[in-house]
Amino acid sequence: MSGQEYVSSVTSDAGDKQDRQTIVVKLGTSVLTGGSTKIDRAHLVELVRQCAMLIRQGHQVIVVTSGAIAAGRHHLNHPKLANTIANKQMLAAVGQSRLIQEWESLFDIYGIHIGQMLLTRADLDDRERYLNARDMLQALLDNNIVPVVNENDAVATAEIKVGDNDNLSALVAILAEADKLLLLTDQPGLFTADPRSNPDAELIREVHTIDETLHQLAGGSVSGLGTGGMATKLQAADVARRAGIEVTIAAGSRPEVIQHVVNGQPAGTRFLPLESPLESRKRWILAGPPPAGDIIIDAGAASAVVERHSSLLSKGIVSVKGSFDRGAVARICDQYGKQLARGICRYSSKDLSAIAGRHSQDIQDILGYAHGPVAIHCDDLVVTD
């Protein structure tokens, strides 16, 4: 099979001025260890330097790191343990603290603070917990703190595990509404054949369509150190690009690889996004769960939402029907019962009833807390009228 079926030229725009972007950088165990049995601190220094450079340029960086189990195993001098979940969780518990200390000390060289986020799939599947995770992630970024994310292997069971940090990084990229996801590995990218056994294998530079042929090209983990291989990276790329995120699989050892990806220079295999994140979210709102209740709004709010596509403020709410939690999808209706829009609520039905007709600045005083100044943000709202 020819690589030209998937390959197209990539125009370098390294000299162009870049807008502020949010970049998720996922580092596999093989990259962190350099193929050895311990964390390669010298290589981590180089990767942190590249991340610090992006931050100085005004970009936001999120690190999804593997390596907790490998770090724990090395710290305990590679004990001979049965291959049980409990032992893996024990190694992760020991290694996670070592790993986060390493990241903290290296980013501190550049005066950059980090914040640890340990997630499981349960945190992302439940809408309330998803919103809480999103708010916390955004708070870190807003305060110029680099989120360092890993799966919470010390407590996760098979039922609530994402299972690999490739797919976790895709979910984190969606959570952060990132522009780019960079999956760094020990391979230069995706090839038309296995380059270890086929000297004619070509690097696939750009992917527009992920089909069965492409899935067959992806193999398993070859290092024996991590849980992911090219197959999980392909899965992650498919998930992220459907949410409008550009994905690149590249070698973590390549000089300036992070900078090259952000600048649009050829590096590894690039997966083009299918659509904008906004359109993806809005289709989810329309095609996802049925509305959990109705929010009745006044004429002024109706005009703002329908004609100007503004966020819905508490001041414009007349009443709330139904009982629902924060993060639920609700119908927005005029006072005659006509549906105008649908949206994801920042507050529960009980809270919305309490703040209905009141100004945004009063929310904190009324509820004792606030999830922001809007009832439904315009990015989470679809006009149906």
# chains A, B, ... in the order shown; residues from 1 in each chain; ligands from 1
call {"tool": "residues_around", "arguments": {"residues": "A:Val320", "least_positions_apart": "6", "cutoff": "10 Å", "atoms": "only C-alpha atoms", "output": "ChimeraX atom specification"}}
result
/A:293-297,330-333,348-354,356
call {"tool": "closest_atom_pairs", "arguments": {"of": "stretch 77-176 of chain A", "to": "stretch 36-52 of chain A", "cutoff": "8 Å", "atoms": "only C-alpha atoms", "output": "tab-separated table"}}
result
residue	atom	partner	partner_atom	distance
A:Leu106	CA	A:Val45	CA	6.2
A:Phe107	CA	A:Val48	CA	6.3
A:Tyr110	CA	A:Ala52	CA	6.8
A:Ile112	CA	A:Ala52	CA	7.8
call {"tool": "write_last_selection", "arguments": {"atoms": "C-alpha atoms", "output": "tab-separated table (two decimals), in the first residue's frame"}}
result
chain	number	residue	atom	x	y	z
A	106	LEU	CA	11.88	20.79	36.55
A	107	PHE	CA	9.18	23.37	35.85
A	110	TYR	CA	11.64	28.24	34.70
A	112	ILE	CA	6.45	27.83	36.41
call {"tool": "closest_residue", "arguments": {"among": "A:Ser314, A:Asn198, A:Gln235, A:Ser323", "to": "A:Gly357", "atoms": "only C-alpha atoms"}}
result
A:Ser314
call {"tool": "select_by_dssp", "arguments": {"residues": "stretch 237-300 of chain A", "states": "helix (DSSP H, G or I)", "output": "VMD selection string"}}
result
chain A and resid 237 to 242 257 to 263 277 to 287 299 to 300
call {"tool": "residues_around", "arguments": {"residues": "stretch 64-71 of chain A", "least_positions_apart": "3", "cutoff": "7 Å", "atoms": "only C-alpha atoms", "output": "PyMOL selection string"}}
result
chain A and resi 25-29+32+37-39+74-75+88+91-92+95-96+98-99+148-150+165+169
call {"tool": "atom_distance", "arguments": {"atom1": "atom CA of A:Val318", "atom2": "atom CA of A:Leu131"}}
result
25.1 Å
call {"tool": "atom_distance", "arguments": {"atom1": "atom CA of A:His113", "atom2": "atom CA of A:Leu141"}}
result
10.5 Å
call {"tool": "atom_distance", "arguments": {"atom1": "atom CA of A:Asp164", "atom2": "atom CA of A:Ala236"}}
result
9.7 Å
call {"tool": "closest_residue", "arguments": {"among": "A:Gln116, A:Gln89, A:Gln21, A:Asn132", "to": "A:Val261", "atoms": "only C-alpha atoms"}}
result
A:Gln21
call {"tool": "residues_around", "arguments": {"residues": "A:Gln57", "least_positions_apart": "4", "cutoff": "12 Å", "atoms": "only C-alpha atoms", "output": "list in words"}}
result
Lys17, Gln18, Asp19, Arg20, Gln21, Thr22, Gln50, Cys51, Ala52, Met53, Val61, Gln259, Val262 and Asn263 of chain A
call {"tool": "closest_residue", "arguments": {"among": "A:Val306, A:Ile100, A:Leu168, A:Val31", "to": "A:Leu381", "atoms": "only C-alpha atoms"}}
result
A:Val306
call {"tool": "residues_around", "arguments": {"residues": "A:Leu171", "least_positions_apart": "6", "cutoff": "12 Å", "atoms": "only C-alpha atoms", "output": "PyMOL selection string"}}
result
chain A and resi 24+26+64+119-125+130+133-134+149-151+162+164-165+177-178+181+235-243+245
call {"tool": "closest_residue", "arguments": {"among": "A:Glu212, A:Asp179, A:Asp362, A:Asp166", "to": "A:His59", "atoms": "only C-alpha atoms"}}
result
A:Asp179
